[in-house]
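Student: Just so it is clear, I am handing over query_32.cif, which has mmCIF, C-alpha atoms.
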data_data
loop_
_atom_site.label_atom_id
_atom_site.label_comp_id
_atom_site.auth_asym_id
_atom_site.auth_seq_id
_atom_site.Cartn_x
_atom_site.Cartn_y
_atom_site.Cartn_z
CA MET A 1 33.05 -0.41 -9.64
CA GLU A 2 30.79 2.14 -11.19
CA ALA A 3 29.93 3.64 -7.84
CA LYS A 4 33.59 4.39 -7.05
CA GLY A 5 34.17 8.00 -6.15
CA ARG A 6 30.50 8.71 -6.05
CA VAL A 7 29.05 9.71 -2.72
CA ARG A 8 26.41 7.27 -1.64
CA VAL A 9 23.51 9.03 -0.02
CA MET A 10 22.32 7.37 3.16
CA ARG A 11 18.69 6.51 2.69
CA PHE A 12 16.25 6.05 5.53
CA VAL A 13 13.08 4.14 6.14
CA LEU A 14 10.31 5.23 8.46
CA TYR A 15 8.31 2.30 9.81
CA VAL A 16 4.93 2.97 11.41
CA ASP A 17 3.40 0.19 13.46
CA GLN A 18 1.78 0.16 16.86
CA LYS A 19 2.60 -3.49 17.37
CA ASN A 20 5.82 -3.69 19.29
CA SER A 21 6.58 -7.27 18.32
CA ASP A 22 6.46 -6.46 14.59
CA ALA A 23 8.60 -3.38 15.12
CA LEU A 24 11.17 -5.61 16.79
CA LEU A 25 11.00 -8.13 13.97
CA ILE A 26 11.51 -5.47 11.33
CA HIS A 27 14.36 -3.97 13.32
CA ARG A 28 16.07 -7.32 13.56
CA ALA A 29 15.59 -7.93 9.84
CA PHE A 30 17.18 -4.56 9.03
CA GLU A 31 20.06 -5.25 11.44
CA ARG A 32 20.77 -8.67 10.00
CA TYR A 33 20.85 -7.23 6.48
CA GLY A 34 23.26 -4.48 7.51
CA PHE A 35 20.64 -1.75 7.31
CA GLY A 36 20.04 -1.25 11.03
CA PRO A 37 21.09 2.42 11.07
CA HIS A 38 18.74 3.16 8.16
CA LEU A 39 15.58 2.37 10.11
CA GLN A 40 13.43 4.71 12.18
CA VAL A 41 10.36 3.40 13.95
CA VAL A 42 7.30 5.24 15.27
CA SER A 43 4.20 3.64 16.74
CA SER A 44 1.25 5.77 15.67
CA GLY A 45 -0.14 7.98 12.93
CA PRO A 46 0.21 11.23 14.89
CA GLU A 47 3.78 10.31 15.81
CA ALA A 48 4.56 9.62 12.15
CA MET A 49 3.19 13.07 11.30
CA ALA A 50 5.35 14.69 13.98
CA TYR A 51 8.38 12.85 12.64
CA LEU A 52 7.71 13.82 9.01
CA ALA A 53 6.91 17.42 9.87
CA GLY A 54 9.97 17.63 12.12
CA THR A 55 8.08 18.89 15.12
CA ASP A 56 8.33 18.21 18.85
CA LYS A 57 11.14 15.81 19.68
CA TYR A 58 11.74 15.22 15.97
CA ASN A 59 12.94 18.72 15.15
CA ASP A 60 16.50 17.62 14.43
CA ARG A 61 16.79 16.46 10.81
CA ILE A 62 20.22 15.00 11.41
CA LEU A 63 18.92 12.69 14.09
CA PHE A 64 15.58 12.18 12.37
CA PRO A 65 16.16 12.49 8.63
CA LEU A 66 13.37 12.48 6.09
CA PRO A 67 12.90 8.94 4.78
CA SER A 68 13.21 7.65 1.22
CA LEU A 69 10.53 5.12 2.04
CA ILE A 70 7.64 4.92 4.47
CA ILE A 71 6.34 1.50 5.53
CA LEU A 72 2.91 1.47 7.15
CA GLU A 73 0.85 -1.09 9.00
CA THR A 74 -2.87 -0.41 8.43
CA ASN A 75 -3.79 -1.34 11.97
CA LEU A 76 -3.03 2.03 13.60
CA VAL A 77 -4.69 3.92 16.41
CA GLY A 78 -5.48 7.61 16.52
CA LEU A 79 -5.23 8.19 12.80
CA SER A 80 -5.88 5.61 10.12
CA ALA A 81 -3.05 4.60 7.81
CA PHE A 82 -5.12 5.79 4.85
CA ASP A 83 -5.63 9.24 6.34
CA LEU A 84 -1.92 9.34 7.02
CA VAL A 85 -1.18 8.51 3.37
CA LYS A 86 -3.62 11.22 2.26
CA TRP A 87 -1.94 13.76 4.51
CA ILE A 88 1.54 12.82 3.25
CA ARG A 89 0.36 13.12 -0.35
CA SER A 90 -1.02 16.59 0.38
CA CYS A 91 2.31 17.91 1.73
CA PRO A 92 4.46 19.10 -1.19
CA PRO A 93 7.79 18.27 0.48
CA LEU A 94 6.62 14.76 1.37
CA ALA A 95 4.25 14.01 -1.48
CA ARG A 96 6.69 11.98 -3.58
CA ILE A 97 8.07 9.70 -0.87
CA PRO A 98 7.13 6.11 -1.75
CA ILE A 99 4.75 4.45 0.70
CA VAL A 100 4.46 0.70 1.15
CA ILE A 101 1.52 -0.75 3.05
CA PHE A 102 2.89 -3.76 4.92
CA THR A 103 0.05 -5.33 6.79
CA ALA A 104 -1.23 -8.48 8.39
CA TRP A 105 -4.77 -7.67 7.25
CA GLU A 106 -6.00 -8.99 3.94
CA LEU A 107 -8.97 -6.94 2.82
CA PRO A 108 -9.60 -6.35 -0.89
CA SER A 109 -11.25 -3.03 -0.03
CA ASP A 110 -8.10 -1.97 1.84
CA LEU A 111 -6.00 -2.70 -1.19
CA GLU A 112 -8.08 -0.45 -3.43
CA LEU A 113 -8.33 2.21 -0.78
CA ALA A 114 -4.56 2.16 -0.30
CA TYR A 115 -3.93 2.77 -3.99
CA SER A 116 -6.68 5.34 -4.34
CA VAL A 117 -5.15 7.50 -1.59
CA GLY A 118 -1.70 7.18 -3.11
CA ALA A 119 0.19 4.21 -1.68
CA ASN A 120 2.85 2.77 -4.00
CA SER A 121 2.79 -0.86 -2.96
CA TYR A 122 0.81 -3.28 -0.81
CA ILE A 123 2.35 -6.30 0.85
CA LEU A 124 0.84 -8.92 3.11
CA LYS A 125 3.03 -9.54 6.15
CA SER A 126 4.05 -13.14 6.42
CA THR A 127 3.36 -14.79 9.75
CA ASP A 128 6.44 -16.95 9.28
CA ALA A 129 9.49 -15.24 10.82
CA GLN A 130 11.88 -16.36 8.13
CA GLU A 131 9.59 -15.32 5.31
CA PHE A 132 8.96 -12.02 7.06
CA GLU A 133 12.67 -11.34 7.06
CA GLN A 134 12.87 -12.24 3.39
CA GLN A 135 10.06 -9.81 2.63
CA VAL A 136 11.91 -7.04 4.43
CA ARG A 137 15.05 -7.82 2.44
CA GLN A 138 13.14 -7.62 -0.81
CA MET A 139 11.75 -4.25 0.21
CA ILE A 140 15.23 -2.97 1.07
CA ASP A 141 16.64 -4.31 -2.21
CA PHE A 142 14.01 -2.68 -4.32
CA TRP A 143 13.20 0.59 -2.56
CA LEU A 144 16.56 1.51 -1.06
CA LYS A 145 18.98 0.14 -3.60
CA MET A 146 17.10 0.53 -6.86
CA ASN A 147 14.17 2.89 -6.82
CA VAL A 148 14.90 6.57 -7.40
CA THR A 149 12.96 9.24 -5.55
CA VAL A 150 12.71 12.98 -5.90
CA GLY A 151 15.91 14.05 -4.27
CA LYS A 152 15.75 17.67 -3.30
CA VAL A 153 13.70 17.99 -0.19
CA PRO A 154 13.29 21.53 1.12
CA VAL A 155 14.54 21.92 4.65
CA GLY A 156 11.80 24.19 5.98
CA LEU A 157 8.61 22.26 6.44
CA GLU A 158 6.72 24.98 8.26
CA LYS A 159 4.02 25.31 5.66
CA LEU A 160 2.58 21.84 5.88
CA PRO A 161 -1.19 21.50 5.62
CA PRO A 162 -3.08 21.08 8.89
CA ALA A 163 -3.28 17.65 10.43
CA PRO A 164 -6.37 15.59 9.69
CA ARG A 165 -8.62 15.31 12.69
CA THR A 166 -7.96 12.29 14.81
CA ASN A 167 -10.91 10.58 16.38
CA GLY A 168 -8.94 9.17 19.26
CA GLN A 169 -11.55 6.46 19.77
CA ASN A 170 -10.88 3.91 17.10
CA MET B 1 -1.50 -17.02 -6.15
CA GLU B 2 -0.10 -16.71 -9.65
CA SER B 3 -3.12 -15.09 -11.21
CA SER B 4 -1.19 -13.31 -13.92
CA GLN B 5 2.51 -13.06 -14.61
CA THR B 6 2.36 -11.06 -17.79
CA ILE B 7 4.74 -8.13 -18.00
CA LEU B 8 4.03 -5.39 -20.51
CA TYR B 9 7.14 -3.50 -21.60
CA VAL B 10 6.51 -0.20 -23.35
CA GLU B 11 9.75 0.67 -25.11
CA ASP B 12 10.69 1.90 -28.59
CA ASN B 13 14.39 1.12 -28.35
CA ASP B 14 15.18 -2.34 -29.76
CA GLY B 15 18.40 -2.60 -27.75
CA ASP B 16 16.59 -2.03 -24.48
CA VAL B 17 13.94 -4.59 -25.45
CA LEU B 18 16.71 -7.11 -26.04
CA PHE B 19 18.21 -6.36 -22.61
CA MET B 20 14.82 -6.85 -20.99
CA GLN B 21 14.35 -10.19 -22.74
CA GLN B 22 17.77 -11.33 -21.52
CA ALA B 23 17.07 -10.26 -17.95
CA MET B 24 13.67 -11.99 -17.87
CA LYS B 25 15.20 -15.13 -19.34
CA LYS B 26 17.62 -15.25 -16.40
CA ILE B 27 14.71 -15.49 -13.96
CA GLY B 28 12.60 -17.75 -16.16
CA LEU B 29 10.06 -15.13 -17.16
CA GLN B 30 10.91 -14.71 -20.84
CA ASN B 31 7.59 -16.19 -21.94
CA VAL B 32 5.47 -13.70 -20.04
CA LEU B 33 6.99 -10.61 -21.63
CA GLN B 34 4.87 -8.61 -24.07
CA VAL B 35 6.36 -5.62 -25.84
CA VAL B 36 4.74 -2.59 -27.44
CA SER B 37 6.71 0.25 -28.92
CA ASP B 38 4.66 3.39 -28.48
CA GLY B 39 2.17 4.99 -26.13
CA ASP B 40 -0.81 4.53 -28.42
CA GLU B 41 -0.15 0.83 -28.70
CA ALA B 42 0.30 0.52 -24.93
CA ILE B 43 -3.16 1.99 -24.40
CA ALA B 44 -4.67 -0.24 -27.10
CA TYR B 45 -3.07 -3.27 -25.42
CA LEU B 46 -4.40 -2.38 -21.97
CA ASP B 47 -7.79 -1.54 -23.39
CA GLY B 48 -7.90 -4.85 -25.27
CA LYS B 49 -8.60 -3.06 -28.53
CA GLY B 50 -7.82 -4.03 -32.13
CA LYS B 51 -5.20 -6.72 -32.46
CA TYR B 52 -5.01 -6.96 -28.65
CA SER B 53 -8.61 -8.06 -28.19
CA ASP B 54 -7.65 -11.69 -27.64
CA ARG B 55 -6.71 -11.91 -23.97
CA ARG B 56 -5.39 -15.44 -24.36
CA LYS B 57 -2.72 -14.13 -26.71
CA HIS B 58 -2.32 -10.77 -25.00
CA PRO B 59 -3.18 -11.25 -21.33
CA PHE B 60 -3.82 -8.28 -19.13
CA PRO B 61 -0.48 -7.54 -17.46
CA ALA B 62 0.40 -7.80 -13.78
CA LEU B 63 3.22 -5.31 -14.22
CA ILE B 64 4.18 -2.55 -16.65
CA PHE B 65 7.67 -1.36 -17.36
CA LEU B 66 7.27 2.05 -18.97
CA ASP B 67 9.79 4.14 -20.85
CA LEU B 68 9.07 7.88 -20.77
CA SER B 69 10.29 9.07 -24.15
CA LEU B 70 7.97 7.31 -26.55
CA PRO B 71 6.60 8.21 -29.96
CA VAL B 72 2.98 9.37 -30.40
CA ILE B 73 1.84 9.39 -26.78
CA THR B 74 4.66 9.75 -24.22
CA GLY B 75 5.10 7.66 -21.12
CA PHE B 76 3.46 10.43 -19.09
CA GLY B 77 0.40 10.22 -21.34
CA VAL B 78 0.19 6.47 -20.84
CA LEU B 79 0.50 6.88 -17.07
CA GLN B 80 -2.21 9.49 -17.02
CA TRP B 81 -4.52 7.27 -19.05
CA ILE B 82 -3.90 4.24 -16.83
CA ARG B 83 -4.66 6.09 -13.62
CA LYS B 84 -7.96 7.33 -15.06
CA GLN B 85 -9.16 3.74 -15.47
CA HIS B 86 -10.68 2.65 -12.22
CA SER B 87 -10.04 -1.01 -12.96
CA MET B 88 -6.31 -0.31 -13.28
CA LEU B 89 -5.96 1.53 -9.98
CA ALA B 90 -3.76 -1.19 -8.55
CA LEU B 91 -1.83 -2.04 -11.72
CA PRO B 92 1.85 -1.51 -10.88
CA VAL B 93 3.64 0.80 -13.29
CA VAL B 94 7.41 0.99 -12.97
CA VAL B 95 9.03 3.76 -14.99
CA LEU B 96 12.26 2.69 -16.62
CA SER B 97 14.00 5.77 -17.90
CA GLY B 98 17.38 7.15 -18.82
CA SER B 99 16.52 10.46 -17.24
CA ARG B 100 17.48 11.55 -13.74
CA MET B 101 15.85 14.92 -14.21
CA GLU B 102 13.85 16.21 -11.26
CA PHE B 103 11.09 17.21 -13.67
CA ASP B 104 10.66 13.66 -14.98
CA LEU B 105 10.83 12.06 -11.55
CA ASN B 106 8.35 14.48 -10.11
CA ASN B 107 5.88 14.12 -12.94
CA ALA B 108 6.11 10.35 -13.03
CA TYR B 109 5.27 10.07 -9.33
CA ARG B 110 2.64 12.78 -9.54
CA LEU B 111 0.86 10.98 -12.37
CA GLY B 112 0.81 7.74 -10.41
CA ALA B 113 3.95 5.73 -11.17
CA ASN B 114 4.56 3.15 -8.44
CA ALA B 115 8.32 3.31 -8.81
CA TYR B 116 11.04 4.89 -10.92
CA LEU B 117 14.21 3.19 -12.11
CA ILE B 118 17.17 4.53 -14.03
CA LYS B 119 18.30 2.29 -16.89
CA PRO B 120 21.70 0.96 -15.80
CA SER B 121 24.60 0.96 -18.20
CA THR B 122 26.27 -2.34 -17.42
CA GLY B 123 24.83 -5.76 -18.17
CA GLU B 124 25.12 -7.32 -14.75
CA ASP B 125 23.52 -4.37 -12.97
CA ARG B 126 20.77 -4.40 -15.52
CA ASP B 127 19.85 -8.07 -15.09
CA ASN B 128 19.87 -7.69 -11.33
CA LEU B 129 17.77 -4.52 -11.42
CA LEU B 130 15.15 -5.86 -13.81
CA GLY B 131 15.03 -9.31 -12.21
CA THR B 132 14.67 -7.98 -8.66
CA THR B 133 12.02 -5.53 -9.80
CA ALA B 134 9.98 -8.14 -11.65
CA LYS B 135 10.08 -10.49 -8.66
CA TYR B 136 9.12 -7.74 -6.23
CA TRP B 137 6.02 -6.70 -8.17
CA LEU B 138 4.92 -10.14 -9.36
CA SER B 139 5.33 -12.12 -6.17
CA LEU B 140 5.79 -9.85 -3.14
CA ASN B 141 3.36 -7.07 -3.98
CA LEU B 142 -0.26 -8.17 -3.56
CA GLN B 143 -2.03 -8.42 -6.90
CA VAL B 144 -5.59 -7.62 -7.72
CA GLN B 145 -7.57 -9.16 -10.49
CA GLY B 146 -7.22 -7.13 -13.67
CA PRO B 147 -10.20 -6.44 -15.90
CA ARG B 148 -11.44 -9.53 -17.68
CA SER B 149 -11.72 -9.53 -21.44
CA ASP B 150 -15.39 -10.51 -21.43
CA GLU B 151 -16.33 -7.60 -19.21
CA PRO B 152 -17.21 -4.33 -20.86
CA GLN B 153 -14.66 -1.69 -19.96
CA GLN B 154 -15.79 1.27 -17.95
CA PRO B 155 -15.79 4.41 -20.02
CA ASN B 156 -13.35 7.09 -18.96
CA GLU B 157 -14.83 8.66 -15.93
CA GLU B 158 -13.34 11.80 -14.57
CA ASP B 159 -11.84 11.12 -11.18
CA SER B 160 -13.48 7.74 -10.93
CA SER B 161 -11.16 6.78 -8.09
CA ARG B 162 -12.38 9.66 -5.98
CA ASN B 163 -15.99 8.76 -6.58
CA ARG B 164 -15.28 5.33 -5.20
CA MET B 165 -13.83 6.62 -1.98
CA VAL B 166 -17.10 7.04 -0.10
CA PRO B 167 -18.51 3.54 -0.66
CA LEU B 168 -15.09 2.10 0.12
CA ALA B 169 -14.90 3.98 3.40
CA GLU B 170 -18.38 2.77 4.22
CA SER B 171 -17.60 -0.84 3.56
CA LEU B 172 -14.45 -0.46 5.61
CA LEU B 173 -16.50 0.83 8.52
CA ALA B 174 -18.89 -2.08 8.14
CA ILE B 175 -16.00 -4.52 8.31
CA ALA B 176 -14.59 -2.77 11.37
CA GLN B 177 -17.96 -2.99 13.07
CA LYS B 178 -18.26 -6.65 12.25
CA SER B 179 -14.85 -7.48 13.67
CA LEU B 180 -15.63 -5.54 16.82
CA ASN B 181 -18.82 -7.54 17.21
CA LEU B 182 -16.89 -10.73 16.68
CA ALA B 183 -14.44 -9.70 19.37
CA GLY B 184 -17.38 -9.20 21.68
CA LEU B 185 -16.77 -5.48 21.97
CA GLN B 186 -19.43 -2.83 22.01
CA PRO B 187 -18.90 -0.46 19.07
CA SER B 188 -19.61 2.61 21.12
CA ASN B 189 -18.40 5.42 18.95
CA LEU B 190 -18.30 4.15 15.40
#
Mind converting the file's structure to structure tokens?
Tutor:
Amino acid sequence: MEAKGRVRVMRFVLYVDQKNSDALLIHRAFERYGFGPHLQVVSSGPEAMAYLAGTDKYNDRILFPLPSLIILETNLVGLSAFDLVKWIRSCPPLARIPIVIFTAWELPSDLELAYSVGANSYILKSTDAQEFEQQVRQMIDFWLKMNVTVGKVPVGLEKLPPAPRTNGQN
Amino acid sequence: MESSQTILYVEDNDGDVLFMQQAMKKIGLQNVLQVVSDGDEAIAYLDGKGKYSDRRKHPFPALIFLDLSLPVITGFGVLQWIRKQHSMLALPVVVLSGSRMEFDLNNAYRLGANAYLIKPSTGEDRDNLLGTTAKYWLSLNLQVQGPRSDEPQQPNEEDSSRNRMVPLAESLLAIAQKSLNLAGLQPSNL
């Protein structure tokens, strides 16, 4: 009732995971919760950077809008999830986007590292499909429906800091 | 799993405290709510100082709801203090504010707030917002052990989190090497 007449801003999620099967699971969970069109998926750190910087094939912000939430798996190739978080936090236009680490790996040192580089939340992926879907719903409920982020994002992102070096070997 | 469920609410408005109590009651968490009414007291609570030294009566929280406009030390001051304590690096702090101002949002995130919520005006929205938030941070988000009362607190170190980065990266590398070995792979370029 309260929201009547108010324009609801479409909010997007960028999901970064190299594992195709998890990307499919998360996509299905978004679809089944009515949030399918809100999800964008990329499969590596460098690709996430290209998306966020709006370069290469991602240079259309209407097709590839800046997200209100970034969900990261820690098991990435090319660029570690933690370096990616550091890079995002060093880019003024991106620095305040909430980042959730959503990972199958339970390492106490990862948890501390994630927070020390600036992640907002850390969730262990459930291996149970139903629970996994429930986790995704809880994330959508909290981050897309309730949490408020810094709204005004400048359009020109040309002056982003240089990319961290990728080691390519991993 | 349920290491700690304590929620610390830092709020000077009695009405808002009442709303919080109602919302927590709806999800069965009314007994875990601790309330302090200014920034100074919030820091004393977290530090386990003075009347908060008994951790059985005042357990270290697993979640903080923080108002921004507080007497003595503001919510920003509390945030800043929390993020300087290395042991509280992973303590979730959710700002609960009436302000939608870009300045407040920006500063809250910059100083290390995990999330930012606007206080809703209607009762039903409020219960849903607070209940969902509490459940997200207490059961979905992975918790770390807070500082124990019998352990001496680390003195305020400047940028203690940054100093920890190198050993953390090293231990991470060690773990990566170990798992490669386990997988029977030759760690050629680590």
Student: Quick one: which residues end up in the PyMOL selection byres ((chain B) within 7 of (chain A)) for this structure, as number ranges by chain?
Tutor: B: 89-90, 102, 105-106, 109, 114-117, 129, 132-133, 136, 140-142, 161, 168, 172, 189
Student: Selection in question (the file shown): the PyMOL selection byres ((chain A and resi 14) around 6). Which residues does it include, as a PyMOL selection string?
Tutor: chain A and resi 13+15+40-41+67+70
Student: Could you work out an axis-aligned bounding box for all listed atoms of range 102-113 of chain A, with 8 Å added on each of the six sides, and give its centre and edge lengths in Å to one decimal, as lines of an AutoDock Vina configuration file?
Tutor:
center_x = -4.2
center_y = -3.4
center_z = 2.5
size_x = 30.1
size_y = 27.2
size_z = 27.8
Student: Quick one, how far is CA of Leu72 in chain A from CA of Gly36 in chain A?
Tutor: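 CA of Leu72 in chain A sits 17.8 Å away from CA of Gly36 in chain A.
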Student: Could you please determine the separation between CA of Asp128 in chain A and CA of Leu84 in chain A in Å, to one decimal place?
Tutor: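 We find that CA of Asp128 in chain A and CA of Leu84 in chain A lie 27.7 Å from each other.
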Student: Between CA of Gly131 in chain B and CA of Pro59 in chain B, what is the distance in Å, rounded to a tenth?
Tutor: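 Distance reported for this atom pair: 20.5 Å.
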Student: Would you mind listing what lies within 9 Å of Asp38 in chain B as a list in words, with all atoms listed in the file counted and same-chain residues fewer than 2 positions away left out?
Tutor: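 Once the nearby chain positions are removed, what remains is Val10, Glu11, Asp12, Val36, Asp40, Glu41, Ala42, Ile43, Leu70, Pro71, Val72, Ile73, Thr74 and Gly75 of chain B.
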Student: Using only C-alpha atoms, which of A:Ala81, A:Ala129, A:Met49, A:Leu144 sits nearest Phe35 in chain A?
Tutor: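 Using only C-alpha atoms, the shortest distance to Phe35 in chain A belongs to A:Leu144.
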Student: Of the residues A:Cys91, A:Ala48, A:Asp83, A:Ile71, which is the one nearest to Ile26 in chain A, using only C-alpha atoms?
Tutor: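 Between A:Cys91, A:Ala48, A:Asp83, A:Ile71, the residue approaching Ile26 in chain A most closely is A:Ile71.
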Student: Extract, using all atoms listed in the file, all DNA, RNA and protein residues at most 10 Å from Gly123 in chain B, discarding same-chain residues fewer than 6 positions from it, and format them as a list of chain:residue names.
Tutor: B:Phe19, B:Gln22, B:Ala23, B:Leu129
Student: Residues picked by the PyMOL selection byres ((chain A and resi 33) around 10) here, as a VMD selection string?
Tutor: chain A and resid 27 to 32 34 to 36 133 to 134 136 to 137 140
